[in-house]
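Data block for query.pdb (PDB, C-alpha atoms):
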```pdb
MODEL        1
ATOM      1  CA  MET A   1       0.000   0.000   0.000
ATOM      2  CA  SER A   2       1.238   3.474  -0.770
ATOM      3  CA  VAL A   3       0.912   6.471   1.505
ATOM      4  CA  GLU A   4       2.545   9.818   1.757
ATOM      5  CA  VAL A   5       4.787   9.921   4.790
ATOM      6  CA  GLU A   6       3.644  12.772   6.968
ATOM      7  CA  VAL A   7       6.279  12.435   9.671
ATOM      8  CA  ASP A   8       9.298  14.635   9.063
ATOM      9  CA  GLU A   9      12.421  15.433  11.063
ATOM     10  CA  ASN A  10      10.673  18.235  12.946
ATOM     11  CA  ASP A  11       7.931  15.854  14.065
ATOM     12  CA  LEU A  12      10.512  13.322  15.200
ATOM     13  CA  ALA A  13      12.489  16.028  17.000
ATOM     14  CA  GLU A  14       9.348  17.109  18.855
ATOM     15  CA  MET A  15       8.671  13.539  19.968
ATOM     16  CA  VAL A  16      12.264  13.129  21.081
ATOM     17  CA  GLU A  17      12.007  16.322  23.112
ATOM     18  CA  GLN A  18       8.909  14.972  24.859
ATOM     19  CA  VAL A  19      10.681  11.709  25.672
ATOM     20  CA  TRP A  20      13.629  13.594  27.124
ATOM     21  CA  GLU A  21      11.357  15.884  29.141
ATOM     22  CA  SER A  22       9.317  12.963  30.467
ATOM     23  CA  TYR A  23      11.948  10.345  31.213
ATOM     24  CA  LEU A  24      15.545  11.087  30.320
ATOM     25  CA  ASP A  25      15.999  14.709  31.302
ATOM     26  CA  PRO A  26      13.038  15.871  33.401
ATOM     27  CA  GLU A  27      15.120  18.685  34.895
ATOM     28  CA  GLY A  28      15.881  20.009  31.417
ATOM     29  CA  VAL A  29      19.635  20.129  31.983
ATOM     30  CA  SER A  30      20.939  17.712  29.320
ATOM     31  CA  PRO A  31      18.904  17.763  26.122
ATOM     32  CA  LEU A  32      19.814  15.873  22.978
ATOM     33  CA  MET A  33      21.952  18.265  20.925
ATOM     34  CA  GLN A  34      21.296  17.677  17.227
ATOM     35  CA  THR A  35      24.330  17.056  15.021
ATOM     36  CA  TYR A  36      22.429  16.227  11.807
ATOM     37  CA  ASP A  37      25.088  13.565  11.197
ATOM     38  CA  GLU A  38      23.228  10.517   9.950
ATOM     39  CA  ASN A  39      26.435   8.486   9.877
ATOM     40  CA  GLN A  40      27.205   8.741  13.560
ATOM     41  CA  PRO A  41      28.091   5.375  15.115
ATOM     42  CA  SER A  42      25.836   3.252  17.314
ATOM     43  CA  GLU A  43      26.574   0.328  19.603
ATOM     44  CA  VAL A  44      23.034  -0.738  20.536
ATOM     45  CA  HIS A  45      19.633  -0.287  18.964
ATOM     46  CA  SER A  46      15.960  -1.064  19.336
ATOM     47  CA  SER A  47      13.189  -0.954  16.782
ATOM     48  CA  VAL A  48       9.483  -1.339  16.232
ATOM     49  CA  SER A  49       7.868  -2.254  12.949
ATOM     50  CA  ILE A  50       4.829  -0.506  11.557
ATOM     51  CA  THR A  51       2.656  -2.297   9.041
ATOM     52  CA  GLY A  52      -0.562  -1.475   7.238
ATOM     53  CA  SER A  53      -1.134   1.988   5.835
ATOM     54  CA  TRP A  54       2.642   2.502   6.020
ATOM     55  CA  ASN A  55       5.309  -0.177   6.169
ATOM     56  CA  GLY A  56       8.657   0.302   7.809
ATOM     57  CA  HIS A  57      10.574   0.596  11.048
ATOM     58  CA  VAL A  58      11.365   3.169  13.696
ATOM     59  CA  VAL A  59      14.850   2.693  15.117
ATOM     60  CA  TYR A  60      16.378   4.093  18.300
ATOM     61  CA  ALA A  61      20.175   3.729  18.268
ATOM     62  CA  SER A  62      22.888   4.941  20.600
ATOM     63  CA  SER A  63      26.247   4.241  22.147
ATOM     64  CA  ARG A  64      26.286   1.765  25.017
ATOM     65  CA  ALA A  65      27.141   4.597  27.420
ATOM     66  CA  ALA A  66      24.083   6.589  26.304
ATOM     67  CA  ALA A  67      21.915   3.466  26.648
ATOM     68  CA  GLN A  68      23.238   2.899  30.156
ATOM     69  CA  ARG A  69      22.513   6.523  31.042
ATOM     70  CA  ALA A  70      19.010   6.232  29.564
ATOM     71  CA  ALA A  71      18.311   3.139  31.662
ATOM     72  CA  ALA A  72      19.615   4.851  34.802
ATOM     73  CA  ALA A  73      17.373   7.871  34.172
ATOM     74  CA  PHE A  74      14.352   5.744  33.256
ATOM     75  CA  LEU A  75      14.674   3.443  36.243
ATOM     76  CA  ALA A  76      15.969   6.015  38.754
ATOM     77  CA  MET A  77      19.154   4.038  39.365
ATOM     78  CA  GLU A  78      22.811   4.858  39.668
ATOM     79  CA  LEU A  79      24.809   4.233  36.491
ATOM     80  CA  ASP A  80      26.785   1.386  38.042
ATOM     81  CA  GLU A  81      23.582  -0.380  39.132
ATOM     82  CA  VAL A  82      22.267  -0.696  35.569
ATOM     83  CA  SER A  83      22.163  -4.268  34.254
ATOM     84  CA  GLU A  84      22.066  -5.597  30.696
ATOM     85  CA  GLU A  85      18.379  -6.372  31.199
ATOM     86  CA  ASP A  86      17.728  -2.782  32.320
ATOM     87  CA  ILE A  87      19.379  -1.462  29.156
ATOM     88  CA  SER A  88      17.452  -3.855  26.954
ATOM     89  CA  ASP A  89      14.141  -3.054  28.620
ATOM     90  CA  THR A  90      14.670   0.699  28.438
ATOM     91  CA  LEU A  91      15.737   0.653  24.787
ATOM     92  CA  GLY A  92      12.669  -1.401  23.926
ATOM     93  CA  GLU A  93      10.356   1.022  25.654
ATOM     94  CA  LEU A  94      12.006   4.039  23.994
ATOM     95  CA  ALA A  95      11.439   2.477  20.560
ATOM     96  CA  ASN A  96       7.869   1.633  21.546
ATOM     97  CA  ILE A  97       7.099   5.180  22.674
ATOM     98  CA  VAL A  98       8.590   6.878  19.613
ATOM     99  CA  GLY A  99       7.099   4.256  17.279
ATOM    100  CA  GLY A 100       3.661   4.615  18.814
ATOM    101  CA  ASN A 101       3.738   8.358  18.374
ATOM    102  CA  VAL A 102       4.922   7.993  14.777
ATOM    103  CA  LYS A 103       2.062   5.577  14.114
ATOM    104  CA  ALA A 104      -0.411   8.121  15.446
ATOM    105  CA  MET A 105       0.723  10.539  12.736
ATOM    106  CA  LEU A 106       0.265   8.046   9.909
ATOM    107  CA  PRO A 107      -3.007   7.403   8.074
ATOM    108  CA  PRO A 108      -5.424   5.084   9.924
ATOM    109  CA  GLY A 109      -4.859   1.377   9.536
ATOM    110  CA  ALA A 110      -1.287   1.077  10.782
ATOM    111  CA  GLN A 111      -0.235  -1.504  13.350
ATOM    112  CA  LEU A 112       2.702  -1.404  15.732
ATOM    113  CA  SER A 113       4.813  -4.453  16.575
ATOM    114  CA  LEU A 114       6.283  -5.219  19.955
ATOM    115  CA  PRO A 115       9.834  -3.790  20.214
ATOM    116  CA  GLN A 116      12.975  -5.660  19.217
ATOM    117  CA  VAL A 117      16.241  -4.885  20.994
ATOM    118  CA  VAL A 118      19.689  -5.750  19.679
ATOM    119  CA  LEU A 119      22.729  -4.914  21.753
ATOM    120  CA  ALA A 120      24.863  -4.512  18.640
ATOM    121  CA  PRO A 121      25.313  -1.685  16.140
ATOM    122  CA  GLU A 122      22.405  -0.700  13.950
ATOM    123  CA  ALA A 123      24.531  -1.556  10.932
ATOM    124  CA  SER A 124      24.830  -5.175  12.084
ATOM    125  CA  ALA A 125      21.082  -5.762  11.800
ATOM    126  CA  ARG A 126      20.022  -4.179   8.537
ATOM    127  CA  PHE A 127      16.384  -3.875   7.598
ATOM    128  CA  PRO A 128      16.068  -5.517   4.175
ATOM    129  CA  ASN A 129      14.422  -3.594   1.354
ATOM    130  CA  THR A 130      14.123  -0.400   3.312
ATOM    131  CA  GLU A 131      15.252   3.149   2.830
ATOM    132  CA  ARG A 132      16.006   5.625   5.593
ATOM    133  CA  ILE A 133      13.589   8.502   5.069
ATOM    134  CA  SER A 134      13.921  10.629   8.179
ATOM    135  CA  GLY A 135      15.891  10.900  11.385
ATOM    136  CA  VAL A 136      17.069  12.893  14.350
ATOM    137  CA  TYR A 137      20.777  12.537  15.047
ATOM    138  CA  GLY A 138      22.426  14.032  18.057
ATOM    139  CA  LEU A 139      24.732  13.903  21.035
ATOM    140  CA  TRP A 140      23.500  13.389  24.563
ATOM    141  CA  GLU A 141      26.197  14.456  26.981
ATOM    142  CA  GLY A 142      28.706  13.733  24.228
ATOM    143  CA  GLU A 143      27.311  10.291  23.341
ATOM    144  CA  PRO A 144      25.608   9.545  20.000
ATOM    145  CA  VAL A 145      21.859   8.942  19.925
ATOM    146  CA  SER A 146      19.639   8.705  16.864
ATOM    147  CA  ILE A 147      16.004   8.060  16.061
ATOM    148  CA  SER A 148      15.325   7.154  12.446
ATOM    149  CA  MET A 149      12.489   6.009  10.194
ATOM    150  CA  TRP A 150      13.028   3.308   7.570
ATOM    151  CA  GLN A 151      10.387   2.838   4.913
ATOM    152  CA  SER A 152       9.825  -0.421   3.070
ATOM    153  CA  SER A 153      11.098  -0.059  -0.486
ATOM    154  CA  THR A 154       7.821  -1.555  -1.755
ATOM    155  CA  ASP A 155       6.053   1.525  -0.437
ATOM    156  CA  THR A 156       8.779   3.793  -1.759
ATOM    157  CA  LYS A 157       8.557   2.303  -5.261
ATOM    158  CA  GLU A 158       4.778   2.606  -5.302
ATOM    159  CA  GLU A 159       5.006   6.233  -4.283
ATOM    160  CA  GLY A 160       7.445   6.927  -7.057
ATOM    161  CA  ALA A 161       5.353   5.068  -9.614
TER     162      ALA A 161
ATOM    163  CA  MET G   1      -5.104   1.812  48.519
ATOM    164  CA  ARG G   2      -3.806  -0.489  45.852
ATOM    165  CA  ALA G   3      -2.865   0.151  42.210
ATOM    166  CA  MET G   4      -2.210  -2.470  39.561
ATOM    167  CA  VAL G   5       0.406  -1.608  36.933
ATOM    168  CA  ILE G   6       0.069  -3.702  33.766
ATOM    169  CA  ASP G   7       2.789  -3.280  31.156
ATOM    170  CA  ASP G   8       5.119  -5.694  29.383
ATOM    171  CA  SER G   9       7.936  -3.190  29.796
ATOM    172  CA  ARG G  10       9.602  -3.572  33.170
ATOM    173  CA  ALA G  11      11.030  -0.065  32.747
ATOM    174  CA  MET G  12       7.578   1.445  32.326
ATOM    175  CA  ARG G  13       6.225  -0.597  35.245
ATOM    176  CA  MET G  14       8.980   0.816  37.420
ATOM    177  CA  ILE G  15       8.183   4.390  36.408
ATOM    178  CA  LEU G  16       4.478   3.941  37.088
ATOM    179  CA  LYS G  17       5.151   2.085  40.317
ATOM    180  CA  ARG G  18       7.392   4.918  41.488
ATOM    181  CA  ILE G  19       4.638   7.465  40.821
ATOM    182  CA  VAL G  20       1.804   5.583  42.510
ATOM    183  CA  THR G  21       3.959   4.587  45.475
ATOM    184  CA  LYS G  22       4.719   8.265  46.002
ATOM    185  CA  LEU G  23       0.936   8.774  46.159
ATOM    186  CA  ASN G  24       0.678   6.138  48.903
ATOM    187  CA  PHE G  25      -0.658   3.324  46.739
ATOM    188  CA  GLU G  26       0.583  -0.190  47.204
ATOM    189  CA  ALA G  27       1.635  -1.251  43.695
ATOM    190  CA  VAL G  28       1.005  -4.672  42.167
ATOM    191  CA  GLU G  29       2.714  -5.424  38.856
ATOM    192  CA  ALA G  30       1.672  -7.589  35.913
ATOM    193  CA  GLY G  31       3.455  -8.140  32.596
ATOM    194  CA  ASP G  32       0.325  -8.556  30.475
ATOM    195  CA  GLY G  33      -3.449  -8.715  30.696
ATOM    196  CA  LYS G  34      -3.543 -12.453  31.315
ATOM    197  CA  GLU G  35      -1.134 -12.227  34.246
ATOM    198  CA  ALA G  36      -3.172  -9.323  35.624
ATOM    199  CA  LEU G  37      -6.416 -11.319  35.476
ATOM    200  CA  ASP G  38      -4.721 -14.266  37.188
ATOM    201  CA  LEU G  39      -3.494 -11.993  39.963
ATOM    202  CA  LEU G  40      -6.911 -10.379  40.334
ATOM    203  CA  ALA G  41      -8.551 -13.794  40.623
ATOM    204  CA  ASP G  42      -6.420 -14.505  43.685
ATOM    205  CA  MET G  43      -7.004 -11.148  45.375
ATOM    206  CA  THR G  44      -9.581 -10.719  48.084
ATOM    207  CA  GLU G  45      -9.372  -6.934  47.782
ATOM    208  CA  VAL G  46      -9.653  -5.486  44.273
ATOM    209  CA  PRO G  47      -7.236  -2.608  43.487
ATOM    210  CA  GLU G  48      -8.761   0.858  43.244
ATOM    211  CA  VAL G  49      -7.080   1.515  39.929
ATOM    212  CA  ALA G  50      -5.334  -0.315  37.096
ATOM    213  CA  LEU G  51      -2.870   1.459  34.791
ATOM    214  CA  ILE G  52      -2.920  -0.535  31.562
ATOM    215  CA  ASP G  53      -0.645  -0.593  28.543
ATOM    216  CA  TRP G  54      -2.289  -1.370  25.201
ATOM    217  CA  ASN G  55       0.308  -3.339  23.230
ATOM    218  CA  MET G  56       1.262  -6.414  25.236
ATOM    219  CA  PRO G  57       1.854 -10.061  24.397
ATOM    220  CA  ASN G  58      -0.613 -12.798  25.493
ATOM    221  CA  MET G  59      -3.469 -10.423  26.282
ATOM    222  CA  ASN G  60      -3.456  -6.779  25.260
ATOM    223  CA  GLY G  61      -4.864  -3.884  27.227
ATOM    224  CA  LEU G  62      -8.090  -3.583  25.282
ATOM    225  CA  GLU G  63      -8.890  -7.273  25.808
ATOM    226  CA  PHE G  64      -8.095  -6.871  29.494
ATOM    227  CA  VAL G  65     -10.463  -3.898  29.835
ATOM    228  CA  THR G  66     -13.226  -5.866  28.089
ATOM    229  CA  LYS G  67     -12.734  -8.849  30.420
ATOM    230  CA  VAL G  68     -12.709  -6.668  33.536
ATOM    231  CA  ARG G  69     -15.882  -4.894  32.503
ATOM    232  CA  ALA G  70     -17.605  -8.252  32.082
ATOM    233  CA  ASP G  71     -16.767  -9.274  35.663
ATOM    234  CA  PRO G  72     -19.084  -7.776  38.329
ATOM    235  CA  ARG G  73     -16.471  -8.426  41.040
ATOM    236  CA  LEU G  74     -14.109  -5.966  39.332
ATOM    237  CA  ARG G  75     -16.718  -3.302  38.602
ATOM    238  CA  GLU G  76     -15.355  -0.765  41.071
ATOM    239  CA  MET G  77     -11.833  -0.801  39.644
ATOM    240  CA  THR G  78     -10.918   2.396  37.778
ATOM    241  CA  LEU G  79      -9.239   1.603  34.465
ATOM    242  CA  VAL G  80      -6.676   3.963  32.936
ATOM    243  CA  MET G  81      -5.066   3.171  29.594
ATOM    244  CA  VAL G  82      -1.411   4.261  29.562
ATOM    245  CA  THR G  83      -0.253   3.824  26.012
ATOM    246  CA  THR G  84       1.302   5.130  22.835
ATOM    247  CA  GLU G  85      -1.933   4.339  20.969
ATOM    248  CA  SER G  86      -2.925   7.967  20.639
ATOM    249  CA  GLU G  87      -5.175   8.007  17.575
ATOM    250  CA  GLN G  88      -8.651   9.337  18.278
ATOM    251  CA  SER G  89     -10.205   6.101  16.986
ATOM    252  CA  GLN G  90      -8.170   4.035  19.442
ATOM    253  CA  ILE G  91      -9.082   6.304  22.347
ATOM    254  CA  VAL G  92     -12.754   5.954  21.450
ATOM    255  CA  ARG G  93     -12.378   2.143  21.277
ATOM    256  CA  ALA G  94     -10.783   1.993  24.705
ATOM    257  CA  LEU G  95     -13.380   4.250  26.303
ATOM    258  CA  ALA G  96     -16.206   2.334  24.617
ATOM    259  CA  ALA G  97     -14.775  -0.909  26.013
ATOM    260  CA  GLY G  98     -14.936   0.547  29.504
ATOM    261  CA  ALA G  99     -11.716   2.408  30.227
ATOM    262  CA  HIS G 100     -12.265   5.510  32.361
ATOM    263  CA  GLU G 101      -9.307   7.559  31.216
ATOM    264  CA  TYR G 102      -6.410   7.682  28.841
ATOM    265  CA  VAL G 103      -2.783   8.768  29.301
ATOM    266  CA  ILE G 104      -0.526   8.923  26.273
ATOM    267  CA  LYS G 105       3.166   8.013  26.492
ATOM    268  CA  PRO G 106       5.414   9.857  26.927
ATOM    269  CA  PHE G 107       3.876  11.408  30.032
ATOM    270  CA  THR G 108       5.408  13.412  32.822
ATOM    271  CA  GLU G 109       4.934  12.454  36.456
ATOM    272  CA  GLY G 110       2.887  15.617  36.929
ATOM    273  CA  ALA G 111       0.548  14.743  34.082
ATOM    274  CA  MET G 112      -0.068  11.279  35.497
ATOM    275  CA  ILE G 113      -0.786  12.638  38.974
ATOM    276  CA  GLU G 114      -3.176  15.215  37.528
ATOM    277  CA  LYS G 115      -5.032  12.463  35.698
ATOM    278  CA  LEU G 116      -5.374  10.406  38.892
ATOM    279  CA  ALA G 117      -6.601  13.520  40.694
ATOM    280  CA  LEU G 118      -9.140  14.090  37.947
ATOM    281  CA  LEU G 119     -10.446  10.580  38.589
ATOM    282  CA  GLY G 120     -10.722  11.330  42.300
ATOM    283  CA  LEU G 121      -8.074   8.771  43.228
ATOM    284  CA  VAL G 122      -5.711  11.289  44.794
ATOM    285  CA  PRO G 123      -6.396  14.730  46.219
ATOM    286  CA  THR G 124      -6.291  17.652  43.812
ATOM    287  CA  GLY G 125      -2.954  19.361  44.258
ATOM    288  CA  ALA G 126      -1.106  16.121  45.051
ATOM    289  CA  ASN G 127       1.269  17.175  42.317
ATOM    290  CA  SER G 128       2.472  20.277  44.139
TER     291      SER G 128
ENDMDL
END
```
Represent the structure contained in this file as structure tokens.
Amino acid sequence: MSVEVEVDENDLAEMVEQVWESYLDPEGVSPLMQTYDENQPSEVHSSVSITGSWNGHVVYASSRAAAQRAAAAFLAMELDEVSEEDISDTLGELANIVGGNVKAMLPPGAQLSLPQVVLAPEASARFPNTERISGVYGLWEGEPVSISMWQSSTDTKEEGA
Amino acid sequence: MRAMVIDDSRAMRMILKRIVTKLNFEAVEAGDGKEALDLLADMTEVPEVALIDWNMPNMNGLEFVTKVRADPRLREMTLVMVTTESEQSQIVRALAAGAHEYVIKPFTEGAMIEKLALLGLVPTGANS
């Protein structure tokens, strides 16, 4: 099915700001500083798939240090208390929250998957037949964090047809 | 008072548990709707409120709300959907199924407390 994607970088940036305000930086002292560098490295990532009126993935990727910090903020723990499971759980929920909000901006008829978490670089788990169409890329206290949207190439081809 | 937190994300359960504990609720956790129903079946005292995620494995939040509404023993429990499902059509579905209120993720602690105050579960101004 072919739809026009109505979620741009500004929309993603707004969602990211809400996530930071709600969970990662409620005091407003360490926001995500955008670098606009879509090639910045990642060490861990989580994703949710959206199917239906739009087909693709929303991916949250970061360094391990940023993931550890996110888990500590999310779970109100000290950094050295954070376990692998805490990181995995937090990354999954971050992808779920951003993905759910992206879905809400798409035409009706989209469905959200449960999150997948891979504690390996985004590049090590490619999404076949997809094209990156939007993203927010930044540094959080010096550590890389990105949120990107990957559209199924079937949709992309139909749109171009 | 007792609150049930139903979410497959342990991280989100911890956030919600932290908020309700601060409001003097005793928190009970469940990882999905099925686990929540099993826990409720064993409880002699039904929680005052359940905070329910929508997307969960085994039994999702909407199915849970429907089951609770069909059980007279659970009639007094206030049901709040806490979810990323923010489309108007989804909100209408949840409310039609019997949910009392809706909180969209991401939410701040203040927003959640205000919602619970609106439902009469905590005093107005508990946020300040």
- Find, counting all atoms listed in the file, the residue in G:Lys34, G:Arg2, G:Arg73, G:Arg13 that gets nearest to chain A.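 For chain A, the nearest of the candidates is G:Arg13.
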Would you mind listing, as a PDB file with C-alpha atoms, keeping the file's coordinate frame, all residues of chain A that have at least one atom within 7 Å of chain G, where all atoms listed in the file are what counts?
```pdb
ATOM      1  CA  GLN A  18       8.909  14.972  24.859  1.00  0.00           C
ATOM      2  CA  VAL A  19      10.681  11.709  25.672  1.00  0.00           C
ATOM      3  CA  SER A  22       9.317  12.963  30.467  1.00  0.00           C
ATOM      4  CA  PHE A  74      14.352   5.744  33.256  1.00  0.00           C
ATOM      5  CA  LEU A  75      14.674   3.443  36.243  1.00  0.00           C
ATOM      6  CA  ASP A  89      14.141  -3.054  28.620  1.00  0.00           C
ATOM      7  CA  THR A  90      14.670   0.699  28.438  1.00  0.00           C
ATOM      8  CA  GLU A  93      10.356   1.022  25.654  1.00  0.00           C
ATOM      9  CA  ILE A  97       7.099   5.180  22.674  1.00  0.00           C
ATOM     10  CA  GLY A 100       3.661   4.615  18.814  1.00  0.00           C
ATOM     11  CA  ASN A 101       3.738   8.358  18.374  1.00  0.00           C
ATOM     12  CA  ALA A 104      -0.411   8.121  15.446  1.00  0.00           C
TER      13      ALA A 104
END
```
- Message: Assuming the chain letters and numbering stay as they are in my file, what does the PyMOL selection byres ((chain A and resi 48-58) around 10) actually select? List them as an MDAnalysis selection string.
- Response: chainID A and resid 1:5 46:47 59:61 92:100 102:103 106:117 127 129:135 147:156
- List, as JSON, numbers by chain, every residue that the PyMOL selection byres ((chain G and resi 36-38) around 9) selects in the file provided. {"G": [4, 5, 6, 29, 30, 31, 32, 33, 34, 35, 39, 40, 41, 42, 64, 67, 68]}
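One distance worth recording is that between CA of Gln40 in chain A and CA of Glu84 in chain A, which is 22.9 Å.
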Selection result for the PyMOL selection byres ((chain G and resi 25) around 10) on this file, as a PDB file with C-alpha atoms, in the coordinates of the input:
```pdb
ATOM      1  CA  MET G   1      -5.104   1.812  48.519  1.00  0.00           C
ATOM      2  CA  ARG G   2      -3.806  -0.489  45.852  1.00  0.00           C
ATOM      3  CA  ALA G   3      -2.865   0.151  42.210  1.00  0.00           C
ATOM      4  CA  MET G   4      -2.210  -2.470  39.561  1.00  0.00           C
ATOM      5  CA  LYS G  17       5.151   2.085  40.317  1.00  0.00           C
ATOM      6  CA  ARG G  18       7.392   4.918  41.488  1.00  0.00           C
ATOM      7  CA  ILE G  19       4.638   7.465  40.821  1.00  0.00           C
ATOM      8  CA  VAL G  20       1.804   5.583  42.510  1.00  0.00           C
ATOM      9  CA  THR G  21       3.959   4.587  45.475  1.00  0.00           C
ATOM     10  CA  LYS G  22       4.719   8.265  46.002  1.00  0.00           C
ATOM     11  CA  LEU G  23       0.936   8.774  46.159  1.00  0.00           C
ATOM     12  CA  ASN G  24       0.678   6.138  48.903  1.00  0.00           C
ATOM     13  CA  GLU G  26       0.583  -0.190  47.204  1.00  0.00           C
ATOM     14  CA  ALA G  27       1.635  -1.251  43.695  1.00  0.00           C
ATOM     15  CA  VAL G  28       1.005  -4.672  42.167  1.00  0.00           C
ATOM     16  CA  PRO G  47      -7.236  -2.608  43.487  1.00  0.00           C
ATOM     17  CA  GLU G  48      -8.761   0.858  43.244  1.00  0.00           C
ATOM     18  CA  VAL G  49      -7.080   1.515  39.929  1.00  0.00           C
ATOM     19  CA  LEU G 121      -8.074   8.771  43.228  1.00  0.00           C
ATOM     20  CA  VAL G 122      -5.711  11.289  44.794  1.00  0.00           C
TER      21      VAL G 122
END
```
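CA of Asp71 in chain G to CA of Ala94 in chain G spans 16.8 Å [interatomic distance, one decimal].
The gap separating CA of Asp86 in chain A from CA of Val145 in chain A is 17.6 Å, in Å to one decimal.
Considering only C-alpha atoms, the residue among A:Met77, A:Val82, A:Ala72, A:Ala66 positioned nearest to Pro41 in chain A is A:Ala66.
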- Find the spatial neighbours of Ile52 in chain G, counting only C-alpha atoms, within a cut-off of 7 Å - ignore same-chain residues fewer than 3 positions away - and output them as a list in words.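 Selected residues are Val5, Ile6, Asp7, Gly61, Val80, Met81 and Val82 of chain G.
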Give the centre and edge lengths of an axis-aligned box, in Å to one decimal, that holds all listed atoms of range 85-104 of chain A with 8 Å on each side, as lines of an AutoDock Vina configuration file.
```
center_x = 9.5
center_y = 1.0
center_z = 23.2
size_x = 35.8
size_y = 30.7
size_z = 34.2
```
